[in-house]
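Raw target.tsv, TSV, C-alpha atoms:
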```tsv
chain	number	residue	atom	x	y	z
A	1132	MET	CA	56.77	-18.62	-53.22
A	1133	HIS	CA	56.25	-21.64	-50.97
A	1134	ASP	CA	53.05	-23.62	-50.51
A	1135	VAL	CA	53.54	-23.53	-46.77
A	1136	ILE	CA	55.83	-21.61	-44.44
A	1137	ILE	CA	56.31	-23.12	-41.00
A	1138	VAL	CA	57.45	-20.76	-38.25
A	1139	GLY	CA	59.34	-22.51	-35.45
A	1140	GLY	CA	62.02	-25.14	-34.90
A	1141	GLY	CA	60.64	-27.54	-32.31
A	1142	ALA	CA	58.69	-30.79	-32.45
A	1143	ALA	CA	55.47	-29.24	-33.78
A	1144	ALA	CA	57.32	-27.45	-36.59
A	1145	MET	CA	59.41	-30.49	-37.59
A	1146	SER	CA	56.41	-32.80	-37.58
A	1147	ALA	CA	54.35	-30.34	-39.65
A	1148	ALA	CA	57.25	-30.14	-42.12
A	1149	ILE	CA	57.54	-33.92	-42.45
A	1150	TYR	CA	53.82	-34.21	-43.18
A	1151	SER	CA	53.63	-31.32	-45.61
A	1152	ALA	CA	56.79	-32.37	-47.48
A	1153	ARG	CA	55.37	-35.89	-47.86
A	1154	LYS	CA	52.29	-34.28	-49.42
A	1155	LYS	CA	54.70	-32.72	-51.93
A	1156	LEU	CA	54.02	-29.20	-50.73
A	1157	SER	CA	57.00	-26.92	-51.14
A	1158	THR	CA	57.85	-26.30	-47.51
A	1159	LEU	CA	60.03	-23.73	-45.80
A	1160	ILE	CA	60.83	-23.70	-42.08
A	1161	ILE	CA	61.87	-20.39	-40.56
A	1162	THR	CA	63.19	-20.42	-37.02
A	1163	ASP	CA	65.47	-18.46	-34.75
A	1164	GLU	CA	66.67	-21.67	-33.20
A	1165	PHE	CA	66.47	-25.27	-34.22
A	1166	GLY	CA	65.34	-27.85	-31.65
A	1167	GLY	CA	62.85	-26.02	-29.47
A	1168	GLN	CA	62.35	-26.85	-25.84
A	1169	THR	CA	62.61	-30.58	-26.50
A	1170	SER	CA	66.28	-30.30	-27.40
A	1171	LEU	CA	67.00	-28.90	-23.93
A	1172	GLN	CA	65.56	-31.92	-22.15
A	1173	PRO	CA	68.23	-34.39	-21.08
A	1174	GLU	CA	65.67	-37.07	-20.25
A	1175	ILE	CA	62.53	-37.69	-22.26
A	1176	CYS	CA	60.94	-40.84	-20.97
A	1177	ASN	CA	57.41	-40.47	-22.35
A	1178	TYR	CA	57.84	-40.22	-26.12
A	1179	PRO	CA	56.58	-43.60	-27.36
A	1180	GLY	CA	59.13	-45.65	-29.25
A	1181	PHE	CA	62.03	-43.33	-28.46
A	1182	LEU	CA	64.43	-45.08	-26.13
A	1183	GLU	CA	67.48	-42.83	-26.26
A	1184	LYS	CA	65.87	-40.34	-23.82
A	1185	ASP	CA	68.12	-37.48	-24.96
A	1186	GLY	CA	65.89	-34.66	-26.27
A	1187	TYR	CA	68.62	-33.28	-28.49
A	1188	VAL	CA	68.93	-36.66	-30.24
A	1189	LEU	CA	65.15	-36.78	-30.78
A	1190	MET	CA	65.24	-33.36	-32.43
A	1191	LYS	CA	68.30	-34.24	-34.50
A	1192	ASN	CA	66.43	-37.30	-35.76
A	1193	MET	CA	63.48	-35.12	-36.75
A	1194	ARG	CA	65.87	-32.73	-38.48
A	1195	LYS	CA	67.36	-35.64	-40.41
A	1196	GLN	CA	63.86	-36.57	-41.57
A	1197	THR	CA	63.08	-33.06	-42.80
A	1198	ASP	CA	66.51	-32.77	-44.46
A	1199	ASP	CA	66.01	-36.10	-46.24
A	1200	LEU	CA	62.65	-34.84	-47.53
A	1201	GLY	CA	64.31	-31.74	-48.92
A	1202	VAL	CA	62.67	-29.25	-46.58
A	1203	GLU	CA	64.44	-25.92	-46.60
A	1204	ILE	CA	65.31	-24.55	-43.16
A	1205	LYS	CA	66.14	-20.90	-42.74
A	1206	GLU	CA	67.67	-20.06	-39.38
A	1207	THR	CA	67.38	-16.37	-38.72
A	1208	ALA	CA	68.25	-14.47	-35.54
A	1209	ASP	CA	65.18	-13.45	-33.53
A	1210	GLY	CA	62.83	-15.29	-35.91
A	1211	ILE	CA	59.91	-13.74	-37.71
A	1212	GLN	CA	59.02	-10.18	-36.72
A	1213	GLU	CA	56.03	-9.46	-38.90
A	1214	VAL	CA	53.29	-11.24	-40.85
A	1215	SER	CA	51.35	-9.33	-43.50
A	1216	PHE	CA	49.12	-10.17	-46.44
A	1217	ARG	CA	48.62	-9.21	-50.02
A	1218	ASP	CA	46.00	-10.05	-52.58
A	1219	ASP	CA	46.97	-12.04	-55.66
A	1220	HIS	CA	44.03	-12.56	-58.04
A	1221	GLY	CA	41.58	-12.97	-55.20
A	1222	LYS	CA	43.87	-15.25	-53.17
A	1223	GLU	CA	45.70	-14.14	-50.09
A	1224	ILE	CA	49.50	-14.39	-50.09
A	1225	PHE	CA	51.31	-14.30	-46.75
A	1226	THR	CA	54.44	-12.22	-46.37
A	1227	LEU	CA	56.75	-12.92	-43.44
A	1228	LYS	CA	59.58	-10.60	-42.54
A	1229	ASP	CA	62.58	-11.34	-40.30
A	1230	LYS	CA	64.71	-8.93	-38.27
A	1231	ASN	CA	67.19	-8.45	-41.12
A	1232	GLY	CA	64.36	-7.42	-43.44
A	1233	ASN	CA	64.37	-10.67	-45.45
A	1234	ILE	CA	60.95	-11.42	-46.94
A	1235	TYR	CA	59.42	-14.88	-47.33
A	1236	GLU	CA	56.17	-15.53	-49.18
A	1237	GLY	CA	53.78	-18.42	-48.83
A	1238	ARG	CA	50.29	-19.53	-49.76
A	1239	SER	CA	49.70	-20.70	-46.20
A	1240	VAL	CA	51.39	-20.49	-42.81
A	1241	ILE	CA	51.74	-22.89	-39.89
A	1242	ILE	CA	52.74	-21.16	-36.67
A	1243	ALA	CA	54.73	-23.39	-34.32
A	1244	SER	CA	56.95	-20.85	-32.59
A	1245	GLY	CA	56.56	-22.28	-29.10
A	1246	LYS	CA	57.39	-20.65	-25.81
A	1247	LYS	CA	60.32	-19.05	-24.06
A	1248	PRO	CA	61.21	-18.77	-20.35
A	1249	ARG	CA	59.39	-16.08	-18.42
A	1250	LYS	CA	61.54	-13.46	-16.75
A	1251	LEU	CA	61.26	-12.50	-13.09
A	1252	GLY	CA	61.41	-8.77	-13.62
A	1253	VAL	CA	63.52	-7.93	-10.55
A	1254	PRO	CA	66.58	-5.67	-10.30
A	1255	GLY	CA	69.81	-7.51	-11.10
A	1256	GLU	CA	68.20	-10.12	-13.34
A	1257	ASP	CA	69.49	-8.66	-16.60
A	1258	GLU	CA	72.69	-7.28	-15.13
A	1259	PHE	CA	73.81	-10.69	-13.85
A	1260	TYR	CA	72.54	-12.79	-16.76
A	1261	ASN	CA	75.16	-15.50	-17.32
A	1262	LYS	CA	77.01	-14.10	-14.32
A	1263	GLY	CA	75.16	-16.40	-11.98
A	1264	VAL	CA	71.66	-15.84	-13.37
A	1265	THR	CA	70.49	-18.51	-15.82
A	1266	TYR	CA	67.30	-19.92	-17.28
A	1267	CYS	CA	68.84	-23.22	-18.39
A	1268	ALA	CA	69.78	-25.64	-15.63
A	1269	THR	CA	70.60	-28.29	-18.22
A	1270	CYS	CA	73.24	-25.98	-19.70
A	1271	ASP	CA	74.78	-24.45	-16.62
A	1272	ALA	CA	74.22	-26.71	-13.61
A	1273	PRO	CA	77.66	-28.38	-13.83
A	1274	LEU	CA	79.35	-25.01	-13.37
A	1275	PHE	CA	77.96	-24.73	-9.86
A	1276	GLY	CA	79.88	-27.62	-8.33
A	1277	GLY	CA	80.37	-27.02	-4.62
A	1278	LYS	CA	78.34	-23.80	-4.68
A	1279	THR	CA	75.13	-22.52	-3.12
A	1280	VAL	CA	72.32	-21.83	-5.56
A	1281	ALA	CA	68.71	-20.68	-5.56
A	1282	VAL	CA	66.02	-22.01	-7.87
A	1283	VAL	CA	63.12	-19.61	-8.30
A	1284	GLY	CA	59.89	-21.48	-8.99
A	1285	GLY	CA	58.44	-24.53	-7.28
A	1286	GLY	CA	56.72	-26.04	-10.31
A	1287	ASN	CA	57.99	-29.05	-12.25
A	1288	THR	CA	60.64	-27.11	-14.17
A	1289	GLY	CA	61.95	-25.63	-10.93
A	1290	LEU	CA	62.07	-28.98	-9.17
A	1291	ASP	CA	63.75	-30.68	-12.14
A	1292	SER	CA	66.34	-27.89	-12.13
A	1293	ALA	CA	66.84	-28.33	-8.38
A	1294	LEU	CA	67.27	-32.08	-8.81
A	1295	LEU	CA	69.87	-31.61	-11.50
A	1296	LEU	CA	71.64	-28.97	-9.39
A	1297	SER	CA	71.68	-31.20	-6.34
A	1298	LYS	CA	74.11	-33.46	-8.24
A	1299	TYR	CA	76.68	-30.66	-8.27
A	1300	ALA	CA	75.87	-27.93	-5.75
A	1301	ASP	CA	76.38	-28.09	-1.99
A	1302	LYS	CA	73.11	-26.36	-1.17
A	1303	VAL	CA	69.97	-25.67	-3.18
A	1304	TYR	CA	67.22	-23.29	-2.12
A	1305	VAL	CA	63.88	-23.55	-3.91
A	1306	LEU	CA	61.82	-20.37	-3.64
A	1307	GLU	CA	58.11	-20.42	-4.36
A	1308	SER	CA	55.96	-17.31	-4.19
A	1309	SER	CA	52.70	-19.13	-3.42
A	1310	ASP	CA	52.00	-21.12	-0.26
A	1311	LYS	CA	52.65	-24.52	-1.82
A	1312	ILE	CA	55.30	-26.35	-3.86
A	1313	LYS	CA	53.36	-27.39	-6.94
A	1314	GLY	CA	55.81	-29.72	-8.69
A	1315	ASP	CA	55.42	-33.51	-8.74
A	1316	GLN	CA	55.55	-35.23	-5.37
A	1317	VAL	CA	58.01	-37.84	-6.74
A	1318	THR	CA	60.57	-35.11	-7.44
A	1319	GLN	CA	59.92	-33.39	-4.12
A	1320	ASP	CA	60.60	-36.69	-2.34
A	1321	LYS	CA	63.86	-37.18	-4.24
A	1322	LEU	CA	64.94	-33.69	-3.31
A	1323	LYS	CA	64.11	-34.25	0.34
A	1324	GLU	CA	66.11	-37.49	0.27
A	1325	SER	CA	69.16	-35.71	-1.11
A	1326	GLY	CA	69.13	-33.53	2.01
A	1327	LEU	CA	70.68	-30.58	0.15
A	1328	THR	CA	67.46	-28.79	-0.69
A	1329	GLU	CA	65.63	-26.24	1.40
A	1330	PHE	CA	62.13	-25.21	0.31
A	1331	LEU	CA	61.03	-21.63	0.98
A	1332	ILE	CA	57.35	-20.97	0.35
A	1333	ASN	CA	55.58	-17.59	0.34
A	1334	ALA	CA	58.90	-16.22	-0.82
A	1335	GLU	CA	58.66	-13.34	-3.24
A	1336	MET	CA	61.85	-12.46	-5.10
A	1337	LYS	CA	62.86	-8.82	-4.78
A	1338	GLU	CA	66.42	-8.46	-6.04
A	1339	ILE	CA	69.51	-10.23	-7.30
A	1340	LYS	CA	72.72	-8.74	-5.97
A	1341	GLY	CA	76.39	-9.12	-6.72
A	1342	LYS	CA	79.62	-7.49	-7.75
A	1343	LYS	CA	81.12	-9.12	-10.81
A	1344	PHE	CA	78.99	-12.22	-10.25
A	1345	VAL	CA	75.89	-12.97	-8.21
A	1346	ASN	CA	76.52	-13.19	-4.47
A	1347	ALA	CA	73.06	-12.85	-2.92
A	1348	ILE	CA	69.32	-12.69	-3.42
A	1349	VAL	CA	66.75	-10.70	-1.52
A	1350	TYR	CA	63.24	-12.07	-1.03
A	1351	LYS	CA	60.21	-11.07	0.97
A	1352	ASP	CA	58.75	-13.62	3.35
A	1353	LYS	CA	55.07	-12.95	2.70
A	1354	THR	CA	54.02	-14.59	5.98
A	1355	SER	CA	56.03	-12.26	8.20
A	1356	GLY	CA	56.37	-9.38	5.73
A	1357	GLU	CA	60.13	-9.31	6.33
A	1358	GLU	CA	62.76	-9.01	3.64
A	1359	ARG	CA	65.57	-11.52	3.84
A	1360	GLU	CA	68.90	-11.89	2.13
A	1361	LEU	CA	70.45	-15.21	1.19
A	1362	ALA	CA	74.05	-15.63	0.10
A	1363	VAL	CA	74.03	-17.60	-3.18
A	1364	ASP	CA	76.40	-18.00	-6.14
A	1365	GLY	CA	73.74	-18.77	-8.71
A	1366	VAL	CA	70.08	-18.09	-9.46
A	1367	PHE	CA	68.15	-20.48	-11.70
A	1368	ILE	CA	64.88	-18.97	-12.86
A	1369	ALA	CA	62.08	-21.42	-13.62
A	1370	ILE	CA	58.78	-19.57	-13.33
A	1371	GLY	CA	57.07	-20.82	-16.44
A	1372	MET	CA	57.01	-20.02	-20.11
A	1373	ILE	CA	55.47	-17.32	-22.28
A	1374	PRO	CA	54.39	-17.76	-25.90
A	1375	ASN	CA	56.50	-16.35	-28.74
A	1376	SER	CA	53.46	-14.64	-30.22
A	1377	ASP	CA	54.25	-10.91	-30.27
A	1378	PHE	CA	54.50	-10.96	-34.07
A	1379	LEU	CA	50.97	-12.38	-34.31
A	1380	LYS	CA	49.11	-9.49	-32.69
A	1381	GLY	CA	46.53	-8.33	-35.20
A	1382	VAL	CA	47.10	-11.41	-37.35
A	1383	CYS	CA	44.99	-13.96	-35.49
A	1384	ASP	CA	43.19	-14.28	-32.17
A	1385	LEU	CA	45.30	-14.82	-29.06
A	1386	ASN	CA	43.94	-15.77	-25.65
A	1387	GLN	CA	44.60	-13.93	-22.37
A	1388	TRP	CA	48.00	-15.64	-22.02
A	1389	GLY	CA	49.07	-14.78	-25.55
A	1390	GLU	CA	48.52	-18.29	-26.90
A	1391	VAL	CA	47.11	-18.69	-30.41
A	1392	VAL	CA	43.48	-19.78	-30.32
A	1393	ILE	CA	42.93	-22.74	-32.66
A	1394	SER	CA	40.09	-24.96	-33.69
A	1395	PRO	CA	40.83	-28.20	-31.84
A	1396	ARG	CA	39.64	-30.19	-34.85
A	1397	THR	CA	41.51	-28.43	-37.66
A	1398	ASN	CA	44.29	-26.35	-36.02
A	1399	ALA	CA	42.95	-23.37	-37.99
A	1400	THR	CA	43.45	-19.95	-36.40
A	1401	SER	CA	41.00	-17.07	-36.73
A	1402	HIS	CA	42.85	-16.00	-39.89
A	1403	VAL	CA	41.97	-18.19	-42.88
A	1404	GLY	CA	45.09	-19.88	-44.26
A	1405	VAL	CA	47.02	-19.55	-41.01
A	1406	PHE	CA	47.27	-22.72	-38.92
A	1407	ALA	CA	49.05	-23.26	-35.61
A	1408	ALA	CA	50.40	-26.18	-33.61
A	1409	GLY	CA	52.15	-27.09	-30.37
A	1410	ASP	CA	53.00	-25.02	-27.30
A	1411	ILE	CA	52.22	-21.70	-28.99
A	1412	THR	CA	48.54	-22.70	-29.14
A	1413	ASP	CA	45.81	-23.04	-26.53
A	1414	VAL	CA	46.05	-26.85	-26.81
A	1415	SER	CA	45.34	-28.33	-23.39
A	1416	GLU	CA	48.72	-29.99	-22.72
A	1417	LYS	CA	52.24	-28.93	-23.61
A	1418	GLN	CA	54.22	-32.08	-24.35
A	1419	THR	CA	56.62	-33.11	-27.12
A	1420	ILE	CA	54.40	-35.96	-28.24
A	1421	ILE	CA	51.36	-33.68	-28.35
A	1422	ALA	CA	53.26	-31.00	-30.23
A	1423	ALA	CA	54.36	-33.61	-32.79
A	1424	GLY	CA	50.79	-34.85	-33.19
A	1425	GLU	CA	49.41	-31.33	-33.48
A	1426	GLY	CA	52.03	-30.44	-36.08
A	1427	ALA	CA	50.99	-33.42	-38.19
A	1428	LYS	CA	47.32	-32.49	-37.82
A	1429	ALA	CA	47.94	-28.86	-38.78
A	1430	ALA	CA	49.92	-29.90	-41.87
A	1431	LEU	CA	47.25	-32.33	-43.09
A	1432	GLN	CA	44.50	-29.77	-42.55
A	1433	CYS	CA	46.58	-27.10	-44.25
A	1434	TYR	CA	47.09	-29.46	-47.23
A	1435	LYS	CA	43.32	-29.97	-47.52
A	1436	TRP	CA	42.72	-26.25	-47.29
A	1437	LEU	CA	45.31	-25.51	-50.01
A	1438	ASN	CA	43.72	-28.10	-52.28
A	1439	SER	CA	40.24	-26.64	-51.89
A	1440	ASN	CA	41.39	-23.06	-52.52
B	395	MET	CA	92.69	-22.30	-33.82
B	396	VAL	CA	89.15	-22.76	-32.51
B	397	LYS	CA	88.66	-23.45	-28.81
B	398	ILE	CA	85.31	-24.30	-27.29
B	399	TYR	CA	84.52	-24.34	-23.58
B	400	THR	CA	81.69	-26.73	-22.81
B	401	THR	CA	79.78	-28.70	-20.24
B	402	PRO	CA	78.61	-32.21	-21.15
B	403	THR	CA	74.94	-31.33	-20.67
B	404	CYS	CA	74.87	-28.09	-22.64
B	405	VAL	CA	72.84	-28.42	-25.82
B	406	TYR	CA	74.16	-25.25	-27.43
B	407	CYS	CA	77.66	-26.70	-27.00
B	408	ARG	CA	76.55	-29.78	-28.89
B	409	MET	CA	74.94	-27.64	-31.58
B	410	ALA	CA	78.18	-25.70	-31.96
B	411	LYS	CA	80.25	-28.91	-32.19
B	412	ASP	CA	77.81	-30.36	-34.76
B	413	PHE	CA	78.19	-27.13	-36.71
B	414	PHE	CA	82.00	-27.42	-36.64
B	415	ASN	CA	81.88	-31.05	-37.74
B	416	GLN	CA	79.44	-30.26	-40.51
B	417	HIS	CA	81.81	-27.63	-41.88
B	418	SER	CA	85.03	-29.56	-41.17
B	419	VAL	CA	86.25	-27.01	-38.64
B	420	GLN	CA	88.89	-28.42	-36.30
B	421	TYR	CA	88.40	-27.45	-32.68
B	422	GLU	CA	89.81	-28.04	-29.25
B	423	GLU	CA	87.25	-28.80	-26.55
B	424	HIS	CA	87.61	-27.92	-22.88
B	425	ASN	CA	85.09	-29.45	-20.51
B	426	VAL	CA	84.75	-26.82	-17.80
B	427	MET	CA	82.75	-29.11	-15.55
B	428	GLU	CA	85.85	-31.20	-14.86
B	429	ASP	CA	88.69	-28.97	-15.91
B	430	LEU	CA	88.79	-26.25	-13.25
B	431	LYS	CA	91.73	-24.51	-14.87
B	432	ALA	CA	89.80	-24.22	-18.12
B	433	ARG	CA	86.77	-22.96	-16.19
B	434	GLU	CA	88.83	-20.15	-14.63
B	435	GLU	CA	90.32	-19.35	-18.01
B	436	MET	CA	86.85	-19.17	-19.57
B	437	VAL	CA	85.42	-16.96	-16.82
B	438	SER	CA	88.36	-14.57	-16.82
B	439	LYS	CA	88.41	-14.34	-20.62
B	440	SER	CA	84.66	-13.83	-21.04
B	441	GLY	CA	83.74	-12.24	-17.71
B	442	GLN	CA	80.75	-14.55	-17.42
B	443	MET	CA	79.84	-18.18	-16.71
B	444	GLY	CA	77.51	-19.22	-19.53
B	445	VAL	CA	78.59	-21.98	-21.92
B	446	PRO	CA	79.55	-22.40	-24.65
B	447	VAL	CA	82.31	-19.86	-24.99
B	448	ILE	CA	84.06	-20.10	-28.33
B	449	ASP	CA	87.45	-18.60	-29.02
B	450	VAL	CA	88.22	-18.15	-32.72
B	451	GLU	CA	91.80	-16.86	-33.04
B	452	GLY	CA	91.30	-14.64	-30.00
B	453	GLU	CA	87.81	-13.45	-31.01
B	454	LEU	CA	85.39	-14.46	-28.29
B	455	ILE	CA	81.82	-15.61	-28.87
B	456	ILE	CA	79.47	-16.30	-25.99
B	457	GLY	CA	76.73	-18.79	-26.82
B	458	PHE	CA	76.13	-20.55	-30.13
B	459	ASP	CA	75.88	-17.57	-32.45
B	460	LYS	CA	75.79	-19.24	-35.83
B	461	GLU	CA	75.87	-16.06	-37.88
B	462	ARG	CA	78.88	-14.64	-36.05
B	463	LEU	CA	80.70	-17.99	-36.23
B	464	SER	CA	80.02	-18.29	-39.95
B	465	GLU	CA	81.44	-14.82	-40.41
B	466	LEU	CA	84.62	-15.49	-38.41
B	467	LEU	CA	85.18	-18.89	-40.02
B	468	HIS	CA	84.26	-17.70	-43.51
B	469	ILE	CA	81.48	-20.25	-43.85
B	470	THR	CA	78.76	-19.57	-46.38
B	471	SER	CA	75.79	-21.88	-45.91
```

Starting from the coordinates I provided, produce the structure as C-alpha cells.
Amino acid sequence: MHDVIIVGGGAAAMSAAIYSARKKLSTLIITDEFGGQTSLQPEICNYPGFLEKDGYVLMKNMRKQTDDLGVEIKETADGIQEVSFRDDHGKEIFTLKDKNGNIYEGRSVIIASGKKPRKLGVPGEDEFYNKGVTYCATCDAPLFGGKTVAVVGGGNTGLDSALLLSKYADKVYVLESSDKIKGDQVTQDKLKESGLTEFLINAEMKEIKGKKFVNAIVYKDKTSGEERELAVDGVFIAIGMIPNSDFLKGVCDLNQWGEVVISPRTNATSHVGVFAAGDITDVSEKQTIIAAGEGAKAALQCYKWLNSN
Amino acid sequence: MVKIYTTPTCVYCRMAKDFFNQHSVQYEEHNVMEDLKAREEMVSKSGQMGVPVIDVEGELIIGFDKERLSELLHITS
C-alpha cells in the first residue's frame, strides 16, 4: 500500500513525485513510458534555469531526482487500464490495474498521464505506420534525406516538424484542412525562407497510398472540391493531441475533449482523493513548466488531504 | 552481439542505449542518418523505417520495447 500512486511519466508526474517524496509519502509512479512529451523535444528554450535545451536531458534530470529520493517507478506496457475503489474501515482505497493484471493500491492517486498524438483516421494510416507514416518528426526526420514528404497539420507541431524536415528533405508539403496556417508566424517565415516548403490550405486528407512503403497521398481541395494525389515518400502527422484518459471514464469528471476537470486551486478532481496535473487536465496551457508547477501543486494538496483524512 | 540502428535525434534510441549502459550490455551502434548502407540493411531486415531497430543475436526488435529486450538479454530489473 502506497500513500500516493502517480500515473504518468512526464514533467507533471516527476514533479509530483519529487514533492510527495520530500513530504515522506511513500510514492509509486506507474507509467507506460518514462519522459512524456518533454523528452521528445529537441529544443526547450522556455524552461527557466535550464540551459541545455534538450528535453530528454531535462527529463533524465528529473528522473535522477526521483531516483535519489527513493521513488519507485513501475514501467508497464500500455499503462494503467482500470481504477477502482474499495472501502477499508470507512476510508477509500484506490486499486489500479495494468494490462498484465498487476494490482497497485494507494491511499490517494495523482493522475498525470498526459496526451498522445491524434490519429488522422484515413485509409493507409495504420498499414503504412513506420513505413513512411510517422507521428514523431524528431525521431524519423533524418531518414528522409533527399526525399519528398508531407506534414499533415498547420499548427505549431506541424510547422516545427516541417522545419526539422526541411533540414533533410528536398521538398516539404504542409497540408492544413482549415483555410489558414495557424502555427507561429516566426516559424512560417523560416519555412518560407528555406524555399523547400509548399503550404496547402483547405486540404483534407483522404488516403495514404503505397506498396511496401508510402508513395503518395490523396487529399481533397475543399475550395474546388477536387481530389488530388501527391507523390511523397513520407507522411508526418501532427494534428494535435488527445488525452490518455480512457481509463478514467466513470472515475472522475472529464470535459468534452476528454481532459480531467480539476479545481484550479487544489488540483482535486470530482472524485475525492484523486488529484490530477499537467496536460491530462483542463489547465489552460500545456507547457512543461506549467506541468511541473501543477504536479508540485497537486502533490502538496494531496499531502494536505491525506493528513486531514 | 547487440546491434542498434539509430538516428542522432531519436529519443527512444537514447533510451535504449541508456538501458544497455545501465545493464552493462555491449552494443554496436549504426547511425542510419549518415550510414546509408546501414539504413538499407535496417530497412531490408525490418521491412520498415522506424528507429530504433535492435538486433539481438538475430532477433529483431522494432522500437524501444523494454520488456522484450529484458527477456532476450536475460535482465531482471

Report task. Find the residues of chain A in contact range of chain B, meaning any atom within 6 Å when counting only C-alpha atoms, and list them as a list in words. Result ->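 Close to chain B, chain A has Asn1261, Lys1262, Thr1269, Cys1270, Pro1273 and Leu1274 of chain A.
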
Report task. Measure the distance from atom CA of Ser1151 of chain A to atom CA of Ala1430 of chain A in Å and round it to one decimal. Result -> 5.5 Å

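You will find atom CA of Asn1233 of chain A at 18.5 Å from atom CA of Phe1165 of chain A.
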
Query raised in the report: Looking at all atoms listed in the file, which of A:Ala1334, A:Val1214, A:Val1366, A:Met1372 is the one that sits closest to Leu1296 of chain A?
Result: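 Ranked by minimum distance to Leu1296 of chain A, first place goes to A:Val1366.
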
Report task. Tell me which of B:Gly457, B:Glu423, B:Ser440, B:His417 sits closest to Thr470 of chain B, counting all atoms listed in the file. Result -> B:His417

Requested in this report: Could you please determine the separation between atom CA of Gly1426 of chain A and atom CA of Asn1287 of chain A in Å, to one decimal place?
Outcome: 24.6 Å

**Report entry** Contacts of segment 1398-1406 of chain A at 6 Å (all atoms listed in the file; same-chain gap of 4+ positions) as a PyMOL selection string
**Finding:** chain A and resi 1239-1241+1383-1384+1393-1394+1429

Query raised in the report: If you count all atoms listed in the file, which residues fall within 12 Å of Glu1324 of chain A, apart from same-chain ones fewer than 6 positions away, as a list in words?
Result: Leu1294, Ser1297, Val1317 and Thr1318 of chain A

With C-alpha atoms kept, could you save the residues just selected as a PDB file, in the frame of the given file?
```pdb
ATOM      1  CA  LEU A1294      67.270 -32.080  -8.810  1.00  0.00           C
ATOM      2  CA  SER A1297      71.680 -31.200  -6.340  1.00  0.00           C
ATOM      3  CA  VAL A1317      58.010 -37.840  -6.740  1.00  0.00           C
ATOM      4  CA  THR A1318      60.570 -35.110  -7.440  1.00  0.00           C
TER       5      THR A1318
END
```

Please identify every residue of segment 1179-1214 of chain A that has at least one atom no farther than 8 Å from an atom of segment 1138-1142 of chain A, counting all atoms listed in the file, and for each give the shortest atom pair and the distance in Å to one decimal, arranged by chain then increasing number, as JSON lines.
```
{"residue": "A:Met1190", "atom": "CA", "partner": "A:Ala1142", "partner_atom": "CA", "distance": 7.0}
{"residue": "A:Met1193", "atom": "CA", "partner": "A:Ala1142", "partner_atom": "CA", "distance": 7.8}
{"residue": "A:Ile1211", "atom": "CA", "partner": "A:Val1138", "partner_atom": "CA", "distance": 7.5}
```

Query raised in the report: Hey, which of B:Tyr421, B:Tyr399, B:Phe458, B:Phe414 ends up closest to Met436 of chain B? Count all atoms listed in the file.
Result: B:Tyr399

For His1133 of chain A, please output as a PDB file with C-alpha atoms, in the coordinates of the input all residues within 10 Å (counting all atoms listed in the file; exclusion window: fewer than 5 positions along the same chain).
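Ended up saving to out_29.pdb:
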```pdb
ATOM      1  CA  LEU A1156      54.020 -29.200 -50.730  1.00  0.00           C
ATOM      2  CA  SER A1157      57.000 -26.920 -51.140  1.00  0.00           C
ATOM      3  CA  THR A1158      57.850 -26.300 -47.510  1.00  0.00           C
ATOM      4  CA  LEU A1159      60.030 -23.730 -45.800  1.00  0.00           C
ATOM      5  CA  ILE A1224      49.500 -14.390 -50.090  1.00  0.00           C
ATOM      6  CA  PHE A1225      51.310 -14.300 -46.750  1.00  0.00           C
ATOM      7  CA  TYR A1235      59.420 -14.880 -47.330  1.00  0.00           C
ATOM      8  CA  GLU A1236      56.170 -15.530 -49.180  1.00  0.00           C
ATOM      9  CA  GLY A1237      53.780 -18.420 -48.830  1.00  0.00           C
ATOM     10  CA  ARG A1238      50.290 -19.530 -49.760  1.00  0.00           C
ATOM     11  CA  SER A1239      49.700 -20.700 -46.200  1.00  0.00           C
ATOM     12  CA  VAL A1240      51.390 -20.490 -42.810  1.00  0.00           C
TER      13      VAL A1240
END
```

Requested in this report: Using all atoms listed in the file, find the one residue out of A:Thr1226, A:Gln1212, A:Asn1231, A:Ser1146 that sits nearest to Leu1200 of chain A.
Outcome: A:Ser1146

Query raised in the report: For Ser438 of chain B, which residue out of A:Asn1386, A:Lys1343, A:Cys1176, A:Val1391 is the nearest one, using only C-alpha atoms?
Result: A:Lys1343

Query raised in the report: What's the 12 Å shell around Thr1279 of chain A, counting all atoms listed in the file, without same-chain residues fewer than 2 positions away, as an MDAnalysis selection string?
Result: chainID A and resid 1263 1272 1274:1277 1281:1282 1293 1296:1297 1299:1305 1327:1329 1345:1348 1361:1367
